[in-house]
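Okay, final.json is below, JSON, N, CA and C atoms:
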```json
[["chain", "number", "residue", "atom", "x", "y", "z"],
["A", 27, "MET", "N", 18.54, 3.71, -1.07],
["A", 27, "MET", "CA", 17.93, 2.43, -0.76],
["A", 27, "MET", "C", 16.99, 2.05, -1.89],
["A", 28, "MET", "N", 16.80, 0.77, -2.04],
["A", 28, "MET", "CA", 15.90, 0.25, -3.05],
["A", 28, "MET", "C", 15.04, -0.83, -2.39],
["A", 29, "ARG", "N", 13.73, -0.80, -2.63],
["A", 29, "ARG", "CA", 12.84, -1.82, -2.08],
["A", 29, "ARG", "C", 12.64, -2.89, -3.15],
["A", 30, "VAL", "N", 12.94, -4.13, -2.80],
["A", 30, "VAL", "CA", 12.76, -5.26, -3.70],
["A", 30, "VAL", "C", 11.94, -6.31, -2.97],
["A", 31, "ASN", "N", 10.78, -6.65, -3.54],
["A", 31, "ASN", "CA", 9.89, -7.64, -2.92],
["A", 31, "ASN", "C", 9.61, -7.32, -1.45],
["A", 32, "GLY", "N", 9.42, -6.05, -1.15],
["A", 32, "GLY", "CA", 9.06, -5.63, 0.19],
["A", 32, "GLY", "C", 10.21, -5.39, 1.15],
["A", 33, "SER", "N", 11.43, -5.69, 0.76],
["A", 33, "SER", "CA", 12.60, -5.50, 1.63],
["A", 33, "SER", "C", 13.47, -4.37, 1.13],
["A", 34, "LEU", "N", 13.92, -3.49, 2.04],
["A", 34, "LEU", "CA", 14.82, -2.41, 1.67],
["A", 34, "LEU", "C", 16.24, -2.95, 1.53],
["A", 35, "ARG", "N", 16.88, -2.58, 0.43],
["A", 35, "ARG", "CA", 18.26, -3.00, 0.18],
["A", 35, "ARG", "C", 19.10, -1.78, -0.16],
["A", 36, "PRO", "N", 20.31, -1.70, 0.38],
["A", 36, "PRO", "CA", 21.17, -0.57, 0.03],
["A", 36, "PRO", "C", 21.71, -0.72, -1.39],
["A", 37, "LEU", "N", 21.91, 0.40, -2.04],
["A", 37, "LEU", "CA", 22.58, 0.40, -3.33],
["A", 37, "LEU", "C", 24.07, 0.37, -3.05],
["A", 38, "ARG", "N", 24.70, -0.68, -3.34],
["A", 38, "ARG", "CA", 26.07, -0.98, -2.89],
["A", 38, "ARG", "C", 27.05, 0.17, -2.99],
["A", 39, "ASP", "N", 27.64, 0.38, -4.11],
["A", 39, "ASP", "CA", 28.69, 1.39, -4.25],
["A", 39, "ASP", "C", 28.18, 2.70, -4.83],
["A", 40, "LEU", "N", 26.88, 2.83, -4.95],
["A", 40, "LEU", "CA", 26.30, 4.01, -5.58],
["A", 40, "LEU", "C", 25.82, 4.98, -4.50],
["A", 41, "VAL", "N", 26.40, 6.17, -4.50],
["A", 41, "VAL", "CA", 25.97, 7.23, -3.59],
["A", 41, "VAL", "C", 25.59, 8.42, -4.45],
["A", 42, "LEU", "N", 24.33, 8.82, -4.37],
["A", 42, "LEU", "CA", 23.86, 9.96, -5.16],
["A", 42, "LEU", "C", 24.02, 11.24, -4.36],
["A", 43, "THR", "N", 24.58, 12.24, -4.98],
["A", 43, "THR", "CA", 24.64, 13.56, -4.38],
["A", 43, "THR", "C", 23.32, 14.27, -4.66],
["A", 44, "ALA", "N", 23.13, 15.42, -4.06],
["A", 44, "ALA", "CA", 21.92, 16.21, -4.32],
["A", 44, "ALA", "C", 21.84, 16.57, -5.80],
["A", 45, "ALA", "N", 22.97, 16.91, -6.40],
["A", 45, "ALA", "CA", 23.00, 17.25, -7.83],
["A", 45, "ALA", "C", 22.65, 16.04, -8.69],
["A", 46, "ASP", "N", 23.13, 14.85, -8.31],
["A", 46, "ASP", "CA", 22.79, 13.63, -9.04],
["A", 46, "ASP", "C", 21.29, 13.37, -8.99],
["A", 47, "THR", "N", 20.69, 13.57, -7.82],
["A", 47, "THR", "CA", 19.26, 13.33, -7.65],
["A", 47, "THR", "C", 18.45, 14.29, -8.50],
["A", 48, "ILE", "N", 18.86, 15.54, -8.56],
["A", 48, "ILE", "CA", 18.18, 16.51, -9.43],
["A", 48, "ILE", "C", 18.30, 16.10, -10.88],
["A", 49, "ASP", "N", 19.47, 15.63, -11.30],
["A", 49, "ASP", "CA", 19.66, 15.16, -12.68],
["A", 49, "ASP", "C", 18.73, 13.99, -12.99],
["A", 50, "VAL", "N", 18.62, 13.04, -12.07],
["A", 50, "VAL", "CA", 17.72, 11.90, -12.27],
["A", 50, "VAL", "C", 16.28, 12.39, -12.36],
["A", 51, "ALA", "N", 15.88, 13.27, -11.46],
["A", 51, "ALA", "CA", 14.51, 13.79, -11.45],
["A", 51, "ALA", "C", 14.20, 14.51, -12.76],
["A", 52, "MET", "N", 15.10, 15.36, -13.19],
["A", 52, "MET", "CA", 14.88, 16.11, -14.44],
["A", 52, "MET", "C", 14.86, 15.18, -15.65],
["A", 53, "GLY", "N", 15.71, 14.17, -15.65],
["A", 53, "GLY", "CA", 15.72, 13.21, -16.75],
["A", 53, "GLY", "C", 14.43, 12.43, -16.85],
["A", 54, "LEU", "N", 13.91, 11.97, -15.71],
["A", 54, "LEU", "CA", 12.64, 11.26, -15.70],
["A", 54, "LEU", "C", 11.49, 12.17, -16.13],
["A", 55, "ALA", "N", 11.48, 13.39, -15.62],
["A", 55, "ALA", "CA", 10.43, 14.35, -15.99],
["A", 55, "ALA", "C", 10.48, 14.65, -17.49],
["A", 56, "ASN", "N", 11.67, 14.84, -18.03],
["A", 56, "ASN", "CA", 11.79, 15.08, -19.47],
["A", 56, "ASN", "C", 11.31, 13.88, -20.28],
["A", 57, "LEU", "N", 11.63, 12.68, -19.81],
["A", 57, "LEU", "CA", 11.18, 11.46, -20.49],
["A", 57, "LEU", "C", 9.66, 11.41, -20.58],
["A", 58, "ALA", "N", 9.00, 11.88, -19.52],
["A", 58, "ALA", "CA", 7.54, 11.86, -19.47],
["A", 58, "ALA", "C", 6.90, 13.15, -19.98],
["A", 59, "GLY", "N", 7.71, 14.17, -20.30],
["A", 59, "GLY", "CA", 7.17, 15.44, -20.76],
["A", 59, "GLY", "C", 6.50, 16.24, -19.66],
["A", 60, "VAL", "N", 7.04, 16.17, -18.45],
["A", 60, "VAL", "CA", 6.46, 16.83, -17.28],
["A", 60, "VAL", "C", 7.39, 17.94, -16.81],
["A", 61, "GLU", "N", 6.82, 19.08, -16.43],
["A", 61, "GLU", "CA", 7.58, 20.21, -15.87],
["A", 61, "GLU", "C", 7.55, 20.12, -14.36],
["A", 62, "ILE", "N", 8.71, 20.12, -13.70],
["A", 62, "ILE", "CA", 8.74, 19.98, -12.25],
["A", 62, "ILE", "C", 9.37, 21.18, -11.55],
["A", 63, "ALA", "N", 9.87, 22.14, -12.27],
["A", 63, "ALA", "CA", 10.69, 23.21, -11.69],
["A", 63, "ALA", "C", 10.01, 23.96, -10.55],
["A", 64, "LEU", "N", 8.74, 24.27, -10.66],
["A", 64, "LEU", "CA", 8.09, 25.11, -9.66],
["A", 64, "LEU", "C", 7.17, 24.34, -8.73],
["A", 65, "ARG", "N", 7.18, 23.04, -8.80],
["A", 65, "ARG", "CA", 6.27, 22.24, -7.98],
["A", 65, "ARG", "C", 7.00, 21.61, -6.81],
["A", 66, "ASP", "N", 6.27, 21.38, -5.72],
["A", 66, "ASP", "CA", 6.85, 20.67, -4.58],
["A", 66, "ASP", "C", 6.69, 19.16, -4.73],
["A", 67, "GLU", "N", 5.70, 18.74, -5.53],
["A", 67, "GLU", "CA", 5.49, 17.30, -5.75],
["A", 67, "GLU", "C", 4.81, 17.11, -7.10],
["A", 68, "VAL", "N", 5.24, 16.09, -7.83],
["A", 68, "VAL", "CA", 4.61, 15.76, -9.09],
["A", 68, "VAL", "C", 4.63, 14.24, -9.25],
["A", 69, "GLU", "N", 3.52, 13.70, -9.74],
["A", 69, "GLU", "CA", 3.40, 12.27, -10.01],
["A", 69, "GLU", "C", 3.10, 12.10, -11.49],
["A", 70, "PHE", "N", 3.69, 11.07, -12.10],
["A", 70, "PHE", "CA", 3.46, 10.83, -13.51],
["A", 70, "PHE", "C", 3.82, 9.38, -13.86],
["A", 71, "ALA", "N", 3.40, 8.97, -15.03],
["A", 71, "ALA", "CA", 3.70, 7.64, -15.54],
["A", 71, "ALA", "C", 4.52, 7.78, -16.81],
["A", 72, "PHE", "N", 5.33, 6.78, -17.09],
["A", 72, "PHE", "CA", 6.10, 6.77, -18.33],
["A", 72, "PHE", "C", 6.42, 5.33, -18.69],
["A", 73, "GLY", "N", 6.76, 5.11, -19.95],
["A", 73, "GLY", "CA", 7.11, 3.78, -20.41],
["A", 73, "GLY", "C", 8.47, 3.78, -21.08],
["A", 74, "ILE", "N", 9.13, 2.65, -20.98],
["A", 74, "ILE", "CA", 10.40, 2.44, -21.67],
["A", 74, "ILE", "C", 10.23, 1.18, -22.50],
["A", 75, "PRO", "N", 10.38, 1.30, -23.84],
["A", 75, "PRO", "CA", 10.19, 0.13, -24.70],
["A", 75, "PRO", "C", 11.04, -1.05, -24.25],
["A", 76, "ASP", "N", 10.43, -2.23, -24.28],
["A", 76, "ASP", "CA", 11.07, -3.49, -23.90],
["A", 76, "ASP", "C", 11.45, -3.57, -22.43],
["A", 77, "LEU", "N", 11.04, -2.60, -21.61],
["A", 77, "LEU", "CA", 11.33, -2.64, -20.17],
["A", 77, "LEU", "C", 10.05, -2.57, -19.35],
["A", 78, "GLY", "N", 9.10, -1.72, -19.75],
["A", 78, "GLY", "CA", 7.82, -1.68, -19.05],
["A", 78, "GLY", "C", 7.31, -0.28, -18.79],
["A", 79, "ARG", "N", 6.22, -0.23, -18.01],
["A", 79, "ARG", "CA", 5.60, 1.02, -17.59],
["A", 79, "ARG", "C", 5.98, 1.29, -16.14],
["A", 80, "PHE", "N", 6.11, 2.57, -15.81],
["A", 80, "PHE", "CA", 6.54, 2.98, -14.48],
["A", 80, "PHE", "C", 5.71, 4.14, -13.99],
["A", 81, "ARG", "N", 5.58, 4.26, -12.67],
["A", 81, "ARG", "CA", 4.99, 5.43, -12.02],
["A", 81, "ARG", "C", 6.10, 6.08, -11.23],
["A", 82, "ALA", "N", 6.13, 7.39, -11.26],
["A", 82, "ALA", "CA", 7.18, 8.13, -10.55],
["A", 82, "ALA", "C", 6.57, 9.25, -9.73],
["A", 83, "THR", "N", 7.18, 9.52, -8.60],
["A", 83, "THR", "CA", 6.85, 10.67, -7.78],
["A", 83, "THR", "C", 8.16, 11.40, -7.50],
["A", 84, "ILE", "N", 8.17, 12.67, -7.80],
["A", 84, "ILE", "CA", 9.32, 13.53, -7.50],
["A", 84, "ILE", "C", 8.81, 14.58, -6.52],
["A", 85, "TYR", "N", 9.50, 14.71, -5.41],
["A", 85, "TYR", "CA", 9.04, 15.63, -4.37],
["A", 85, "TYR", "C", 10.23, 16.24, -3.65],
["A", 86, "ARG", "N", 9.94, 17.31, -2.92],
["A", 86, "ARG", "CA", 10.97, 17.96, -2.11],
["A", 86, "ARG", "C", 10.83, 17.47, -0.68],
["A", 87, "GLN", "N", 11.95, 17.11, -0.11],
["A", 87, "GLN", "CA", 11.97, 16.63, 1.26],
["A", 87, "GLN", "C", 13.14, 17.30, 1.97],
["A", 88, "ARG", "N", 12.85, 18.07, 3.00],
["A", 88, "ARG", "CA", 13.87, 18.81, 3.75],
["A", 88, "ARG", "C", 14.77, 19.64, 2.83],
["A", 89, "GLY", "N", 14.14, 20.28, 1.83],
["A", 89, "GLY", "CA", 14.88, 21.18, 0.94],
["A", 89, "GLY", "C", 15.58, 20.52, -0.23],
["A", 90, "SER", "N", 15.52, 19.21, -0.32],
["A", 90, "SER", "CA", 16.16, 18.48, -1.42],
["A", 90, "SER", "C", 15.12, 17.70, -2.20],
["A", 91, "PHE", "N", 15.45, 17.38, -3.44],
["A", 91, "PHE", "CA", 14.57, 16.53, -4.24],
["A", 91, "PHE", "C", 14.72, 15.08, -3.81],
["A", 92, "ALA", "N", 13.61, 14.35, -3.89],
["A", 92, "ALA", "CA", 13.61, 12.90, -3.68],
["A", 92, "ALA", "C", 12.84, 12.31, -4.85],
["A", 93, "VAL", "N", 13.19, 11.09, -5.22],
["A", 93, "VAL", "CA", 12.57, 10.42, -6.37],
["A", 93, "VAL", "C", 12.15, 9.02, -5.95],
["A", 94, "MET", "N", 10.91, 8.66, -6.30],
["A", 94, "MET", "CA", 10.41, 7.32, -6.07],
["A", 94, "MET", "C", 9.86, 6.83, -7.40],
["A", 95, "VAL", "N", 10.31, 5.66, -7.83],
["A", 95, "VAL", "CA", 9.86, 5.06, -9.10],
["A", 95, "VAL", "C", 9.49, 3.62, -8.83],
["A", 96, "HIS", "N", 8.35, 3.20, -9.38],
["A", 96, "HIS", "CA", 8.04, 1.77, -9.29],
["A", 96, "HIS", "C", 7.44, 1.29, -10.61],
["A", 97, "ARG", "N", 7.70, 0.03, -10.87],
["A", 97, "ARG", "CA", 7.21, -0.60, -12.10],
["A", 97, "ARG", "C", 5.76, -1.04, -11.89],
["A", 98, "VAL", "N", 4.93, -0.80, -12.90],
["A", 98, "VAL", "CA", 3.53, -1.22, -12.82],
["A", 98, "VAL", "C", 3.20, -2.24, -13.87]]
```

Spit out the file's structure as structure tokens when you get a sec.
Amino acid sequence: MMRVNGSLRPLRDLVLTAADTIDVAMGLANLAGVEIALRDEVEFAFGIPDLGRFRATIYRQRGSFAVMVHRV
């Protein structure tokens, strides 16, 4: 799901597996230079040129990783 202007919207044809979510989490953490392997939750900020600044939270929920990212 993705929240846009306060409303939750489904990601149409995109279904992330647990492995996909870990790949996304690791990619974001690497982008920001953050180590997440042994933590249950980590928050960090990162920027992408010509796109903006973002805040991310990567956490474990019911034994799986979850990722939350928002633009600031």

Using DSSP secondary structure from the backbone, list all strand (DSSP E) positions within segment 37-75 of chain A, as a list in words.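 Matching residues, listed in order: Glu67, Val68, Glu69, Phe70, Ala71, Phe72, Gly73 and Ile74 of chain A.
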
Counting only C-alpha atoms, what is within 12 Å of Met94 of chain A, bar same-chain residues fewer than 3 positions away, as a PDB file with N, CA and C atoms, in the coordinates of the input?
```pdb
ATOM      1  N   MET A  27      18.540   3.710  -1.070  1.00  0.00           N
ATOM      2  CA  MET A  27      17.930   2.430  -0.760  1.00  0.00           C
ATOM      3  C   MET A  27      16.990   2.050  -1.890  1.00  0.00           C
ATOM      4  N   MET A  28      16.800   0.770  -2.040  1.00  0.00           N
ATOM      5  CA  MET A  28      15.900   0.250  -3.050  1.00  0.00           C
ATOM      6  C   MET A  28      15.040  -0.830  -2.390  1.00  0.00           C
ATOM      7  N   ARG A  29      13.730  -0.800  -2.630  1.00  0.00           N
ATOM      8  CA  ARG A  29      12.840  -1.820  -2.080  1.00  0.00           C
ATOM      9  C   ARG A  29      12.640  -2.890  -3.150  1.00  0.00           C
ATOM     10  N   THR A  47      20.690  13.570  -7.820  1.00  0.00           N
ATOM     11  CA  THR A  47      19.260  13.330  -7.650  1.00  0.00           C
ATOM     12  C   THR A  47      18.450  14.290  -8.500  1.00  0.00           C
ATOM     13  N   VAL A  50      18.620  13.040 -12.070  1.00  0.00           N
ATOM     14  CA  VAL A  50      17.720  11.900 -12.270  1.00  0.00           C
ATOM     15  C   VAL A  50      16.280  12.390 -12.360  1.00  0.00           C
ATOM     16  N   ALA A  51      15.880  13.270 -11.460  1.00  0.00           N
ATOM     17  CA  ALA A  51      14.510  13.790 -11.450  1.00  0.00           C
ATOM     18  C   ALA A  51      14.200  14.510 -12.760  1.00  0.00           C
ATOM     19  N   LEU A  54      13.910  11.970 -15.710  1.00  0.00           N
ATOM     20  CA  LEU A  54      12.640  11.260 -15.700  1.00  0.00           C
ATOM     21  C   LEU A  54      11.490  12.170 -16.130  1.00  0.00           C
ATOM     22  N   GLU A  67       5.700  18.740  -5.530  1.00  0.00           N
ATOM     23  CA  GLU A  67       5.490  17.300  -5.750  1.00  0.00           C
ATOM     24  C   GLU A  67       4.810  17.110  -7.100  1.00  0.00           C
ATOM     25  N   VAL A  68       5.240  16.090  -7.830  1.00  0.00           N
ATOM     26  CA  VAL A  68       4.610  15.760  -9.090  1.00  0.00           C
ATOM     27  C   VAL A  68       4.630  14.240  -9.250  1.00  0.00           C
ATOM     28  N   GLU A  69       3.520  13.700  -9.740  1.00  0.00           N
ATOM     29  CA  GLU A  69       3.400  12.270 -10.010  1.00  0.00           C
ATOM     30  C   GLU A  69       3.100  12.100 -11.490  1.00  0.00           C
ATOM     31  N   PHE A  70       3.690  11.070 -12.100  1.00  0.00           N
ATOM     32  CA  PHE A  70       3.460  10.830 -13.510  1.00  0.00           C
ATOM     33  C   PHE A  70       3.820   9.380 -13.860  1.00  0.00           C
ATOM     34  N   ALA A  71       3.400   8.970 -15.030  1.00  0.00           N
ATOM     35  CA  ALA A  71       3.700   7.640 -15.540  1.00  0.00           C
ATOM     36  C   ALA A  71       4.520   7.780 -16.810  1.00  0.00           C
ATOM     37  N   PHE A  80       6.110   2.570 -15.810  1.00  0.00           N
ATOM     38  CA  PHE A  80       6.540   2.980 -14.480  1.00  0.00           C
ATOM     39  C   PHE A  80       5.710   4.140 -13.990  1.00  0.00           C
ATOM     40  N   ARG A  81       5.580   4.260 -12.670  1.00  0.00           N
ATOM     41  CA  ARG A  81       4.990   5.430 -12.020  1.00  0.00           C
ATOM     42  C   ARG A  81       6.100   6.080 -11.230  1.00  0.00           C
ATOM     43  N   ALA A  82       6.130   7.390 -11.260  1.00  0.00           N
ATOM     44  CA  ALA A  82       7.180   8.130 -10.550  1.00  0.00           C
ATOM     45  C   ALA A  82       6.570   9.250  -9.730  1.00  0.00           C
ATOM     46  N   THR A  83       7.180   9.520  -8.600  1.00  0.00           N
ATOM     47  CA  THR A  83       6.850  10.670  -7.780  1.00  0.00           C
ATOM     48  C   THR A  83       8.160  11.400  -7.500  1.00  0.00           C
ATOM     49  N   ILE A  84       8.170  12.670  -7.800  1.00  0.00           N
ATOM     50  CA  ILE A  84       9.320  13.530  -7.500  1.00  0.00           C
ATOM     51  C   ILE A  84       8.810  14.580  -6.520  1.00  0.00           C
ATOM     52  N   TYR A  85       9.500  14.710  -5.410  1.00  0.00           N
ATOM     53  CA  TYR A  85       9.040  15.630  -4.370  1.00  0.00           C
ATOM     54  C   TYR A  85      10.230  16.240  -3.650  1.00  0.00           C
ATOM     55  N   ARG A  86       9.940  17.310  -2.920  1.00  0.00           N
ATOM     56  CA  ARG A  86      10.970  17.960  -2.110  1.00  0.00           C
ATOM     57  C   ARG A  86      10.830  17.470  -0.680  1.00  0.00           C
ATOM     58  N   GLN A  87      11.950  17.110  -0.110  1.00  0.00           N
ATOM     59  CA  GLN A  87      11.970  16.630   1.260  1.00  0.00           C
ATOM     60  C   GLN A  87      13.140  17.300   1.970  1.00  0.00           C
ATOM     61  N   PHE A  91      15.450  17.380  -3.440  1.00  0.00           N
ATOM     62  CA  PHE A  91      14.570  16.530  -4.240  1.00  0.00           C
ATOM     63  C   PHE A  91      14.720  15.080  -3.810  1.00  0.00           C
ATOM     64  N   ARG A  97       7.700   0.030 -10.870  1.00  0.00           N
ATOM     65  CA  ARG A  97       7.210  -0.600 -12.100  1.00  0.00           C
ATOM     66  C   ARG A  97       5.760  -1.040 -11.890  1.00  0.00           C
TER      67      ARG A  97
END
```

Gap from atom CA of Glu61 of chain A to atom C of Asp49 of chain A - Å, one decimal: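 Those two atoms sit 13.1 Å apart.
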
Among chain A, which ones does DSSP assign to alpha helix (DSSP H) (computed from the backbone)? Answer as a PyMOL selection string. chain A and resi 44-58

What is the distance between atom C of Ala44 of chain A and atom C of Ser90 of chain A, in Å to one decimal?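 That distance, rounded to one decimal, is 7.7 Å.
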
Which polymer residues have any atom within 7 Å of an atom of Ala58 of chain A, counting all atoms listed in the file, with same-chain residues fewer than 5 positions away left out, as a ChimeraX atom specification? /A:53,71-73

In Å, how far is it from atom C of Ile48 of chain A to atom N of Ala92 of chain A? 8.6 Å
